[in-house]
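Visitor: Below is the file start21.cif, with mmCIF, C-alpha atoms (C1' of nucleotides).
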data_work
loop_
_atom_site.label_atom_id
_atom_site.label_comp_id
_atom_site.auth_asym_id
_atom_site.auth_seq_id
_atom_site.Cartn_x
_atom_site.Cartn_y
_atom_site.Cartn_z
CA MET A 1 0.00 0.00 0.00
CA ILE A 2 2.42 2.74 1.08
CA ARG A 3 5.60 1.40 -0.41
CA ILE A 4 8.98 2.40 0.90
CA ASN A 5 12.54 1.41 0.04
CA LYS A 6 15.08 2.57 2.59
CA GLU A 7 17.96 0.69 1.02
CA PHE A 8 17.49 2.43 -2.29
CA LEU A 9 17.12 5.83 -0.69
CA GLY A 10 20.23 5.16 1.37
CA LEU A 11 22.32 4.37 -1.68
CA ILE A 12 21.13 7.45 -3.55
CA GLU A 13 21.99 9.64 -0.59
CA ILE A 14 25.44 8.09 -0.32
CA LEU A 15 26.04 8.70 -4.02
CA ARG A 16 25.06 12.31 -3.55
CA GLU A 17 27.80 12.80 -1.00
CA ASP A 18 30.11 12.69 -4.00
CA SER A 19 30.00 16.14 -5.58
CA VAL A 20 30.05 14.66 -9.08
CA TYR A 21 26.69 13.05 -8.50
CA GLN A 22 25.11 16.12 -6.98
CA ASN A 23 24.78 17.53 -10.46
CA LEU A 24 23.31 14.35 -11.87
CA ILE A 25 20.99 13.58 -8.99
CA THR A 26 19.00 16.69 -8.26
CA GLU A 27 16.62 17.33 -5.38
CA HIS A 28 13.19 18.91 -5.79
CA SER A 29 10.42 19.65 -3.36
CA PHE A 30 6.72 19.24 -4.04
CA LYS A 31 3.51 20.20 -2.31
CA ALA A 32 0.26 18.34 -1.89
CA GLY A 33 -1.63 18.04 -5.16
CA ASP A 34 1.34 18.61 -7.43
CA VAL A 35 1.34 16.49 -10.57
CA ILE A 36 4.81 14.98 -10.82
CA LEU A 37 4.25 12.79 -13.85
CA GLU A 38 1.41 12.69 -16.35
CA GLN A 39 -0.03 9.57 -17.93
CA ASN A 40 0.93 8.90 -21.57
CA SER A 41 3.74 11.40 -21.51
CA ARG A 42 7.38 11.00 -22.39
CA VAL A 43 9.45 10.20 -19.35
CA TYR A 44 12.93 11.67 -19.23
CA ASP A 45 13.89 10.95 -15.64
CA VAL A 46 13.91 8.42 -12.88
CA TYR A 47 12.42 9.66 -9.61
CA ILE A 48 13.12 8.58 -6.05
CA VAL A 49 10.86 9.83 -3.28
CA LYS A 50 12.85 11.38 -0.45
CA LYS A 51 10.03 12.53 1.80
CA GLY A 52 6.24 12.57 1.67
CA ILE A 53 3.60 10.37 0.03
CA THR A 54 2.55 10.29 -3.61
CA LYS A 55 0.01 8.23 -5.49
CA CYS A 56 0.63 6.41 -8.72
CA TYR A 57 -2.59 5.95 -10.68
CA LEU A 58 -3.99 5.14 -14.06
CA THR A 59 -7.05 6.75 -15.63
CA GLU A 60 -9.25 4.42 -17.68
CA ASP A 61 -11.38 5.22 -20.73
CA THR A 62 -14.40 5.05 -18.42
CA GLY A 63 -13.03 8.03 -16.50
CA LYS A 64 -12.31 5.88 -13.47
CA ASP A 65 -8.98 6.21 -11.72
CA PHE A 66 -7.21 3.16 -10.40
CA VAL A 67 -4.45 3.68 -7.85
CA GLN A 68 -1.52 1.34 -8.38
CA GLU A 69 0.38 2.23 -5.24
CA PHE A 70 1.18 4.94 -2.81
CA PHE A 71 4.88 5.80 -2.93
CA GLY A 72 6.69 6.73 0.27
CA PRO A 73 10.39 7.37 0.96
CA GLY A 74 12.80 5.45 -1.25
CA GLU A 75 10.25 4.32 -3.76
CA VAL A 76 11.37 4.63 -7.39
CA PHE A 77 9.28 5.50 -10.41
CA GLY A 78 9.90 6.42 -14.04
CA GLU A 79 12.33 3.49 -14.21
CA VAL A 80 10.02 1.05 -15.97
CA GLU A 81 9.89 3.36 -18.97
CA ILE A 82 13.66 3.04 -19.44
CA PHE A 83 13.36 -0.68 -19.91
CA SER A 84 10.05 -0.86 -21.74
CA GLU A 85 10.86 2.17 -23.90
CA THR A 86 7.34 3.55 -23.88
CA TYR A 87 5.34 6.49 -22.62
CA SER A 88 4.30 6.62 -18.99
CA PHE A 89 1.41 4.31 -18.22
CA CYS A 90 0.66 5.94 -14.86
CA ALA A 91 0.35 9.43 -13.47
CA VAL A 92 2.05 10.35 -10.21
CA GLU A 93 0.60 12.99 -7.94
CA ALA A 94 1.62 14.23 -4.51
CA ILE A 95 -0.71 13.48 -1.61
CA THR A 96 1.37 15.26 1.01
CA GLU A 97 4.17 17.77 0.60
CA GLY A 98 7.64 16.32 0.31
CA ALA A 99 10.77 16.05 -1.79
CA LEU A 100 12.29 13.77 -4.40
CA PHE A 101 15.49 13.04 -6.28
CA LYS A 102 15.62 13.08 -10.03
CA ILE A 103 18.12 11.47 -12.44
CA SER A 104 17.96 11.60 -16.21
CA HIS A 105 17.35 8.29 -17.96
CA SER A 106 20.73 8.35 -19.67
CA ASP A 107 22.61 9.10 -16.46
CA PHE A 108 20.66 6.47 -14.62
CA ALA A 109 21.33 3.86 -17.30
CA GLU A 110 25.03 4.64 -17.09
CA LEU A 111 24.97 4.38 -13.31
CA LEU A 112 23.20 1.04 -13.54
CA ASP A 113 25.92 -0.18 -15.81
CA ARG A 114 28.78 0.94 -13.58
CA ASN A 115 27.45 0.56 -10.09
CA LYS A 116 26.77 -3.04 -9.16
CA ALA A 117 25.11 -2.15 -5.88
CA LEU A 118 22.63 0.07 -7.67
CA ASN A 119 22.08 -2.57 -10.32
CA TRP A 120 21.25 -5.12 -7.67
CA LEU A 121 18.91 -2.80 -5.78
CA MET A 122 17.14 -2.03 -9.05
CA LEU A 123 16.56 -5.74 -9.67
CA LYS A 124 15.34 -6.11 -6.09
CA SER A 125 13.04 -3.13 -6.39
CA LEU A 126 11.44 -4.40 -9.60
CA ALA A 127 11.09 -7.91 -8.21
CA SER A 128 9.48 -6.49 -5.10
CA LYS A 129 6.95 -4.60 -7.20
CA VAL A 130 6.08 -7.74 -9.13
CA LYS A 131 5.61 -9.75 -5.98
CA TYR A 132 3.67 -7.11 -4.14
CA LYS A 133 1.28 -6.59 -7.03
CA ALA A 134 0.76 -10.31 -7.43
CA ILE A 135 -0.20 -10.79 -3.81
CA ARG A 136 -2.33 -7.71 -3.52
CA HIS A 137 -4.40 -8.26 -6.65
CA SER A 138 -4.93 -11.88 -5.86
CA PHE A 139 -6.20 -11.00 -2.41
CA ASN A 140 -8.37 -8.17 -3.66
CA GLN A 141 -9.98 -10.29 -6.34
CA SER A 142 -10.70 -13.11 -3.94
CA HIS A 143 -12.29 -11.08 -1.13
CA ASN A 144 -15.04 -8.52 -0.78
CA THR A 145 -14.54 -4.85 0.02
CA GLU A 146 -15.04 -5.31 3.74
CA THR A 147 -12.32 -7.94 4.00
CA ASN A 148 -9.95 -5.94 1.80
CA LEU A 149 -10.48 -2.89 3.96
CA LYS A 150 -9.96 -4.86 7.15
CA ARG A 151 -6.60 -5.96 5.79
CA LEU A 152 -5.55 -2.37 5.14
CA GLU A 153 -6.78 -1.18 8.53
CA SER A 154 -4.77 -3.85 10.28
CA GLN A 155 -1.64 -2.78 8.41
CA TYR A 156 -2.13 0.96 8.84
CA LYS A 157 -3.88 1.93 12.03
CA ASN A 158 -4.10 5.58 11.03
CA ILE A 159 -5.01 4.97 7.42
CA TYR A 160 -7.83 7.53 7.26
CA SER A 161 -5.50 10.31 8.32
CA LEU A 162 -2.88 9.25 5.77
CA ILE A 163 -4.94 8.69 2.63
CA PRO A 164 -8.06 10.51 1.42
CA LYS A 165 -11.10 8.26 1.16
CA LYS A 166 -11.43 8.85 -2.55
CA ASP A 167 -7.90 7.55 -3.15
CA LEU A 168 -8.51 4.63 -0.85
CA ALA A 169 -11.60 3.67 -2.85
CA ASN A 170 -9.64 3.96 -6.10
CA TYR A 171 -6.92 1.79 -4.63
CA LEU A 172 -9.42 -0.91 -3.80
CA GLY A 173 -11.11 -0.49 -7.14
CA VAL A 174 -14.54 0.30 -5.68
CA THR A 175 -16.77 3.35 -5.40
CA GLU A 176 -16.66 5.70 -2.44
CA ARG A 177 -20.21 4.67 -1.68
CA ASN A 178 -19.18 1.10 -1.33
CA LEU A 179 -16.14 2.00 0.73
CA ASN A 180 -18.38 3.90 3.13
CA ARG A 181 -20.59 0.87 3.51
CA ALA A 182 -17.58 -1.27 4.35
CA ILE A 183 -16.31 1.28 6.88
CA ASN A 184 -19.69 1.37 8.62
CA SER A 185 -20.05 -2.33 8.69
CA LEU A 186 -16.58 -2.67 10.26
CA LYS A 187 -17.45 -0.01 12.82
CA GLU A 188 -20.62 -1.86 13.81
CA SER A 189 -18.83 -5.15 14.24
CA THR A 190 -16.62 -3.79 17.04
CA MET B 1 -2.36 -12.93 -20.83
CA ILE B 2 -0.12 -15.47 -22.53
CA ARG B 3 3.22 -13.84 -21.93
CA ILE B 4 6.17 -14.60 -24.16
CA ASN B 5 9.75 -13.30 -24.28
CA LYS B 6 11.58 -14.31 -27.44
CA GLU B 7 14.62 -12.18 -26.70
CA PHE B 8 15.20 -13.92 -23.40
CA LEU B 9 14.69 -17.35 -24.87
CA GLY B 10 17.04 -16.46 -27.70
CA LEU B 11 19.81 -15.48 -25.32
CA ILE B 12 19.43 -18.63 -23.25
CA GLU B 13 19.61 -20.77 -26.36
CA ILE B 14 22.73 -18.96 -27.54
CA LEU B 15 24.37 -19.49 -24.16
CA ARG B 16 23.58 -23.15 -24.39
CA GLU B 17 25.57 -23.45 -27.58
CA ASP B 18 28.58 -23.12 -25.33
CA SER B 19 29.19 -26.57 -23.84
CA VAL B 20 30.08 -25.04 -20.46
CA TYR B 21 26.57 -23.72 -20.08
CA GLN B 22 24.88 -26.92 -21.15
CA ASN B 23 25.63 -28.30 -17.74
CA LEU B 24 24.35 -25.24 -15.94
CA ILE B 25 21.28 -24.69 -18.05
CA THR B 26 19.42 -27.95 -18.26
CA GLU B 27 16.41 -28.80 -20.36
CA HIS B 28 13.34 -30.65 -19.05
CA SER B 29 10.10 -31.62 -20.64
CA PHE B 30 6.68 -31.52 -18.99
CA LYS B 31 3.22 -32.75 -19.78
CA ALA B 32 -0.17 -31.15 -19.26
CA GLY B 33 -1.11 -30.98 -15.60
CA ASP B 34 2.42 -31.28 -14.24
CA VAL B 35 3.11 -29.14 -11.20
CA ILE B 36 6.38 -27.35 -11.87
CA LEU B 37 6.50 -25.18 -8.78
CA GLU B 38 4.45 -25.27 -5.60
CA GLN B 39 3.26 -22.28 -3.65
CA ASN B 40 5.11 -21.47 -0.40
CA SER B 41 7.98 -23.74 -1.24
CA ARG B 42 11.69 -23.05 -1.39
CA VAL B 43 12.79 -22.13 -4.88
CA TYR B 44 16.20 -23.32 -5.98
CA ASP B 45 16.09 -22.55 -9.68
CA VAL B 46 15.13 -20.06 -12.31
CA TYR B 47 12.94 -21.45 -15.07
CA ILE B 48 12.54 -20.36 -18.68
CA VAL B 49 9.71 -21.82 -20.71
CA LYS B 50 10.97 -23.22 -23.99
CA LYS B 51 7.75 -24.61 -25.42
CA GLY B 52 4.16 -24.94 -24.26
CA ILE B 53 1.90 -22.96 -21.94
CA THR B 54 1.87 -22.95 -18.15
CA LYS B 55 -0.22 -21.06 -15.63
CA CYS B 56 1.11 -19.18 -12.66
CA TYR B 57 -1.48 -18.94 -9.90
CA LEU B 58 -1.97 -18.23 -6.24
CA THR B 59 -4.35 -20.06 -3.92
CA GLU B 60 -6.08 -17.87 -1.31
CA ASP B 61 -7.24 -18.80 2.18
CA THR B 62 -10.78 -18.91 0.76
CA GLY B 63 -9.73 -21.77 -1.48
CA LYS B 64 -10.04 -19.62 -4.57
CA ASP B 65 -7.30 -19.70 -7.16
CA PHE B 66 -6.21 -16.53 -8.88
CA VAL B 67 -4.21 -16.86 -12.09
CA GLN B 68 -1.44 -14.27 -12.34
CA GLU B 69 -0.40 -15.04 -15.87
CA PHE B 70 -0.08 -17.72 -18.49
CA PHE B 71 3.56 -18.26 -19.39
CA GLY B 72 4.49 -19.09 -22.96
CA PRO B 73 7.91 -19.44 -24.64
CA GLY B 74 10.67 -17.31 -23.15
CA GLU B 75 8.82 -16.35 -20.03
CA VAL B 76 10.91 -16.54 -16.85
CA PHE B 77 9.79 -17.55 -13.38
CA GLY B 78 11.44 -18.35 -10.08
CA GLU B 79 13.60 -15.26 -10.54
CA VAL B 80 11.67 -12.98 -8.19
CA GLU B 81 12.54 -15.26 -5.29
CA ILE B 82 16.26 -14.65 -5.86
CA PHE B 83 15.81 -10.95 -5.29
CA SER B 84 13.13 -11.01 -2.62
CA GLU B 85 14.73 -13.94 -0.81
CA THR B 86 11.46 -15.62 0.12
CA TYR B 87 9.44 -18.71 -0.57
CA SER B 88 7.45 -18.96 -3.78
CA PHE B 89 4.28 -16.90 -3.72
CA CYS B 90 2.78 -18.62 -6.75
CA ALA B 91 2.39 -22.13 -8.05
CA VAL B 92 3.21 -22.96 -11.66
CA GLU B 93 1.40 -25.75 -13.48
CA ALA B 94 1.54 -26.93 -17.07
CA ILE B 95 -1.54 -26.41 -19.22
CA THR B 96 -0.11 -28.03 -22.33
CA GLU B 97 2.88 -30.29 -22.73
CA GLY B 98 6.17 -28.57 -23.39
CA ALA B 99 9.70 -28.02 -22.21
CA LEU B 100 11.69 -25.60 -20.07
CA PHE B 101 15.20 -24.62 -19.15
CA LYS B 102 16.37 -24.59 -15.56
CA ILE B 103 19.29 -22.78 -13.92
CA SER B 104 20.17 -22.87 -10.24
CA HIS B 105 19.82 -19.61 -8.35
CA SER B 106 23.52 -19.38 -7.64
CA ASP B 107 24.51 -20.02 -11.25
CA PHE B 108 21.92 -17.55 -12.44
CA ALA B 109 23.10 -14.88 -10.03
CA GLU B 110 26.64 -15.36 -11.26
CA LEU B 111 25.52 -15.16 -14.87
CA LEU B 112 23.64 -11.96 -14.13
CA ASP B 113 26.78 -10.50 -12.69
CA ARG B 114 28.99 -11.41 -15.62
CA ASN B 115 26.74 -11.19 -18.61
CA LYS B 116 25.54 -7.65 -19.27
CA ALA B 117 23.13 -8.72 -21.99
CA LEU B 118 21.41 -11.11 -19.60
CA ASN B 119 21.38 -8.49 -16.88
CA TRP B 120 19.68 -6.04 -19.18
CA LEU B 121 17.12 -8.57 -20.38
CA MET B 122 16.36 -9.43 -16.76
CA LEU B 123 15.68 -5.78 -15.97
CA LYS B 124 13.51 -5.55 -19.06
CA SER B 125 11.63 -8.69 -18.18
CA LEU B 126 10.85 -7.52 -14.65
CA ALA B 127 9.87 -4.05 -15.84
CA SER B 128 7.60 -5.63 -18.42
CA LYS B 129 5.89 -7.70 -15.74
CA VAL B 130 5.32 -4.63 -13.60
CA LYS B 131 3.87 -2.68 -16.49
CA TYR B 132 1.71 -5.50 -17.75
CA LYS B 133 0.25 -6.17 -14.34
CA ALA B 134 -0.44 -2.49 -13.75
CA ILE B 135 -2.37 -2.13 -16.98
CA ARG B 136 -4.25 -5.39 -16.72
CA HIS B 137 -5.43 -4.97 -13.14
CA SER B 138 -6.43 -1.40 -13.70
CA PHE B 139 -8.51 -2.42 -16.69
CA ASN B 140 -10.04 -5.40 -14.94
CA GLN B 141 -11.04 -3.41 -11.88
CA SER B 142 -12.60 -0.68 -13.97
CA HIS B 143 -14.71 -2.84 -16.26
CA ASN B 144 -17.24 -5.62 -15.90
CA THR B 145 -16.69 -9.24 -16.83
CA GLU B 146 -18.22 -8.86 -20.27
CA THR B 147 -15.88 -6.02 -21.23
CA ASN B 148 -12.87 -7.80 -19.76
CA LEU B 149 -13.71 -10.91 -21.75
CA LYS B 150 -14.24 -8.94 -24.93
CA ARG B 151 -10.73 -7.55 -24.52
CA LEU B 152 -9.28 -11.04 -24.23
CA GLU B 153 -11.27 -12.37 -27.17
CA SER B 154 -10.02 -9.56 -29.36
CA GLN B 155 -6.43 -10.36 -28.43
CA TYR B 156 -6.74 -14.13 -28.77
CA LYS B 157 -9.18 -15.27 -31.40
CA ASN B 158 -8.84 -18.91 -30.39
CA ILE B 159 -8.77 -18.33 -26.66
CA TYR B 160 -11.23 -21.11 -25.78
CA SER B 161 -9.07 -23.69 -27.46
CA LEU B 162 -5.94 -22.44 -25.69
CA ILE B 163 -7.12 -22.00 -22.12
CA PRO B 164 -9.65 -24.05 -20.12
CA LYS B 165 -12.66 -22.04 -19.00
CA LYS B 166 -11.92 -22.62 -15.37
CA ASP B 167 -8.49 -21.04 -15.72
CA LEU B 168 -9.92 -18.19 -17.74
CA ALA B 169 -12.41 -17.48 -14.96
CA ASN B 170 -9.64 -17.58 -12.37
CA TYR B 171 -7.59 -15.23 -14.50
CA LEU B 172 -10.44 -12.73 -14.59
CA GLY B 173 -11.13 -13.26 -10.91
CA VAL B 174 -14.74 -14.34 -11.40
CA THR B 175 -16.72 -17.56 -11.12
CA GLU B 176 -17.24 -19.91 -14.02
CA ARG B 177 -20.94 -19.19 -13.78
CA ASN B 178 -20.31 -15.53 -14.35
CA LEU B 179 -17.88 -16.19 -17.16
CA ASN B 180 -20.54 -18.29 -18.90
CA ARG B 181 -23.00 -15.43 -18.62
CA ALA B 182 -20.50 -13.07 -20.22
CA ILE B 183 -19.76 -15.53 -23.03
CA ASN B 184 -23.47 -15.90 -23.80
CA SER B 185 -24.11 -12.22 -23.71
CA LEU B 186 -21.25 -11.63 -26.16
CA LYS B 187 -22.57 -14.36 -28.43
CA GLU B 188 -26.02 -12.78 -28.49
CA SER B 189 -24.68 -9.36 -29.35
CA THR B 190 -23.24 -10.53 -32.69
"C1'" DT C 1 -28.93 -48.67 -28.75
"C1'" DT C 2 -29.41 -47.96 -24.03
"C1'" DT C 3 -27.99 -46.35 -19.75
"C1'" DA C 4 -25.05 -44.71 -15.98
"C1'" DG C 5 -21.63 -41.47 -14.60
"C1'" DG C 6 -19.41 -37.20 -14.80
"C1'" DA C 7 -18.55 -32.74 -16.69
"C1'" DA C 8 -20.45 -28.49 -18.43
"C1'" DA C 9 -24.21 -25.17 -18.81
"C1'" DG C 10 -27.78 -22.63 -16.99
"C1'" DG C 11 -32.01 -21.28 -13.74
"C1'" DA C 12 -33.25 -19.14 -9.41
"C1'" DC C 13 -32.29 -16.59 -5.69
"C1'" DA C 14 -28.99 -14.09 -2.54
"C1'" DA C 15 -25.20 -11.03 -1.73
"C1'" DT C 16 -22.43 -7.45 -3.29
"C1'" DT C 17 -21.51 -3.37 -5.64
"C1'" DG C 18 -22.77 0.66 -8.64
"C1'" DT C 19 -25.66 4.68 -9.78
"C1'" DC C 20 -28.35 8.38 -8.73
"C1'" DC C 21 -29.90 11.58 -5.84
"C1'" DC C 22 -31.17 13.84 -1.54
"C1'" DA C 23 -30.14 15.17 3.28
"C1'" DA C 24 -26.77 16.58 6.64
"C1'" DT C 25 -22.77 18.94 7.65
"C1'" DA C 26 -19.11 21.96 7.03
"C1'" DA C 27 -17.05 26.10 4.86
"C1'" DC C 28 -17.37 30.65 3.39
"C1'" DC C 29 -18.74 35.16 2.15
"C1'" DC C 30 -21.30 39.05 2.79
"C1'" DG D 1 -26.01 35.76 12.16
"C1'" DG D 2 -28.20 34.55 7.57
"C1'" DG D 3 -27.73 32.74 3.30
"C1'" DT D 4 -25.18 30.44 -0.12
"C1'" DT D 5 -22.19 26.98 -1.86
"C1'" DA D 6 -19.23 22.80 -1.48
"C1'" DT D 7 -18.40 18.35 0.58
"C1'" DT D 8 -19.60 14.28 2.71
"C1'" DG D 9 -22.58 10.53 3.98
"C1'" DG D 10 -26.30 7.63 3.23
"C1'" DG D 11 -31.09 5.94 1.24
"C1'" DA D 12 -33.28 3.61 -2.61
"C1'" DC D 13 -33.12 1.13 -6.48
"C1'" DA D 14 -30.57 -1.15 -10.43
"C1'" DA D 15 -26.90 -3.92 -12.23
"C1'" DT D 16 -23.56 -7.27 -11.51
"C1'" DT D 17 -21.73 -11.24 -9.53
"C1'" DG D 18 -21.83 -15.35 -6.34
"C1'" DT D 19 -24.00 -19.60 -4.55
"C1'" DC D 20 -26.54 -23.50 -4.96
"C1'" DC D 21 -28.64 -26.81 -7.35
"C1'" DT D 22 -30.96 -28.74 -11.43
"C1'" DT D 23 -30.73 -29.82 -16.19
"C1'" DT D 24 -28.34 -30.90 -20.27
"C1'" DC D 25 -24.80 -32.86 -22.80
"C1'" DC D 26 -21.12 -35.90 -23.67
"C1'" DT D 27 -18.75 -40.17 -23.11
"C1'" DA D 28 -18.19 -44.87 -22.47
"C1'" DA D 29 -19.37 -49.33 -21.17
"C1'" DA D 30 -22.73 -53.05 -21.41
#
Will you turn the file into structure tokens for me?
Guide:
Amino acid sequence: MIRINKEFLGLIEILREDSVYQNLITEHSFKAGDVILEQNSRVYDVYIVKKGITKCYLTEDTGKDFVQEFFGPGEVFGEVEIFSETYSFCAVEAITEGALFKISHSDFAELLDRNKALNWLMLKSLASKVKYKAIRHSFNQSHNTETNLKRLESQYKNIYSLIPKKDLANYLGVTERNLNRAINSLKEST
Amino acid sequence: MIRINKEFLGLIEILREDSVYQNLITEHSFKAGDVILEQNSRVYDVYIVKKGITKCYLTEDTGKDFVQEFFGPGEVFGEVEIFSETYSFCAVEAITEGALFKISHSDFAELLDRNKALNWLMLKSLASKVKYKAIRHSFNQSHNTETNLKRLESQYKNIYSLIPKKDLANYLGVTERNLNRAINSLKEST
DNA sequence: TTTAGGAAAGGACAATTGTCCCAATAACCC
DNA sequence: GGGTTATTGGGACAATTGTCCTTTCCTAAA
């Protein structure tokens, strides 16, 4: 749900201690609501969240948004487009204020080639995304909204203060109306 | 849906022309119904499908199976467990007869380290899985069974001769009953 | 050809979720 | 404060999907 990757963030921050990399890896701040990446756009950079929470979502032809993940500190995005050589398939938008690191695709590709630690963390990060998605979608498809919500609540006690309800509904792939029903029914059962 | 990766298969077959690798990369045949990998088991090898179709699926606590993907020629599995260092989160079972290549985790890790082409294809393969999953689950969540089925039918004209209905239903995350309804309703609308 | 067994399809009803809209509440501006 | 406008939550009904069980169809053996 709120994905983080401390190892990756750690490595990026270590690299930035070298002054050479400070020009390649730039830091930028964002505020809540900022659109960091648009869907179906050319992607020139790889992004690493330093602080704050963003959402990565996809807008369908029906007008419905589906939230892929919420990205917290250390989470990487814009990297898939290097390897698949296509336009962005998700939009990324800030939920809270925060900051991120940015590296151009060409610089990142070069770094990947030279730096074995980074290369390995990249493989780990991608593998983790594959695994996480597999497990989450399987669970979501096999259970009703109430059960899915219960799972999230147990993982994030303060979920309603972290994520707006609308985004939560779009993450679960249901309407806000239905999410409200599930919330009420969980409240009653306590 | 039926994922293939000719580039990856090509590279593996080229490597196997070198007699050194023929001992590391072994070939095995399978027949329909064979269980190639069990869920929640230790994974010792990376697998590459050479011929045939397998399904990769996850069994939930409810007893429901959810099919992640169908793997055709070139598709890799068992690799995520190298990077995430955990037990298998999916089972893999043969749908048709076929054959696959197998490499031990340690040999594969070493190959990844030495062979840049393989390293790059591995990154591409993982990125492709992430992207494919993102797009598919977003679409599936945002549309009803009939629309989801229509999408599959348009991509695979002969889908009902390739994949058993039960597996198709588990791929879409619905019951067979509901899949039948969707099939009928598409038939009527022609 | 007949018949029994098993798999596949579909009918009937229940549960879940979506859509639409109205009421309650909060926010804001004169 | 009064009045207006957003925002949020929930009621009512419709559509979709799940569950259960019956019917149909296919196969194979006698």
Visitor: Starting from chain C, keep only residues with some atom at most 12 Å from an atom of chain A, counting all atoms listed in the file, and report them as a list of chain:residue names.
Guide: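 The contacting residues on chain C are C:DA15, C:DT16, C:DT17, C:DG18, C:DT19, C:DC20.
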Visitor: Okay, now the selection with C-alpha atoms (C1' of nucleotides), as an mmCIF file, in the coordinates of the input?
Guide:
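What ended up in result.cif:
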data_model
loop_
_atom_site.group_PDB
_atom_site.id
_atom_site.type_symbol
_atom_site.label_atom_id
_atom_site.label_comp_id
_atom_site.auth_asym_id
_atom_site.auth_seq_id
_atom_site.Cartn_x
_atom_site.Cartn_y
_atom_site.Cartn_z
ATOM 1 C "C1'" DA C 15 -25.200 -11.030 -1.730
ATOM 2 C "C1'" DT C 16 -22.430 -7.450 -3.290
ATOM 3 C "C1'" DT C 17 -21.510 -3.370 -5.640
ATOM 4 C "C1'" DG C 18 -22.770 0.660 -8.640
ATOM 5 C "C1'" DT C 19 -25.660 4.680 -9.780
ATOM 6 C "C1'" DC C 20 -28.350 8.380 -8.730
#
Visitor: Kindly resolve the PyMOL selection byres ((chain D and resi 26) around 12) on the present coordinates and return the residues as JSON, numbers by chain.
Guide: {"C": [5, 6, 7, 8], "D": [24, 25, 27, 28]}
Visitor: Taking only C-alpha atoms (C1' of nucleotides) into account and nothing else, which residues of chain A lie no more than 10 Å away from chain D? Please answer as JSON, numbers by chain.
Guide: {"A": [176, 177, 180, 181]}
Visitor: Once chain A sits on chain B after a least-squares Cα superposition, all atoms in order, what's the RMSD?
Guide: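 In short, the RMSD is 0.0 Å.
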Visitor: Please enumerate the residues selected by the PyMOL selection byres ((chain A and resi 21) around 12) when evaluated against the supplied file, formatted as a PyMOL selection string.
Guide: chain A and resi 11-20+22-27+101-104+107-108+111
Visitor: Do you have the atom CA of B:Val43-atom CA of A:Phe8 distance handy?
Guide: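 Separating atom CA of B:Val43 from atom CA of A:Phe8 is a distance of 25.1 Å.
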Visitor: Pick from A:Phe77, A:Tyr44, A:Tyr156, A:Phe70: nearest to A:Thr96, with all atoms listed in the file counted?
Guide: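 For A:Thr96, the nearest of the given residues is A:Phe70.
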Visitor: Report as a VMD selection string the residues that result from applying the PyMOL selection byres ((chain A and resi 29-41) around 6) to the structure here.
Guide: chain A and resid 28 42 87 to 99
Visitor: Hey, can you check how far atom CA of A:Lys55 sits from atom CA of A:Ile163?
Guide: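 Interatomic distance here is 9.5 Å.
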Visitor: How far is it from atom CA of A:Ser106 to atom CA of B:Ala109, in Å with one decimal?
Guide: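 Value for the atom CA of A:Ser106-atom CA of B:Ala109 distance: 25.3 Å.
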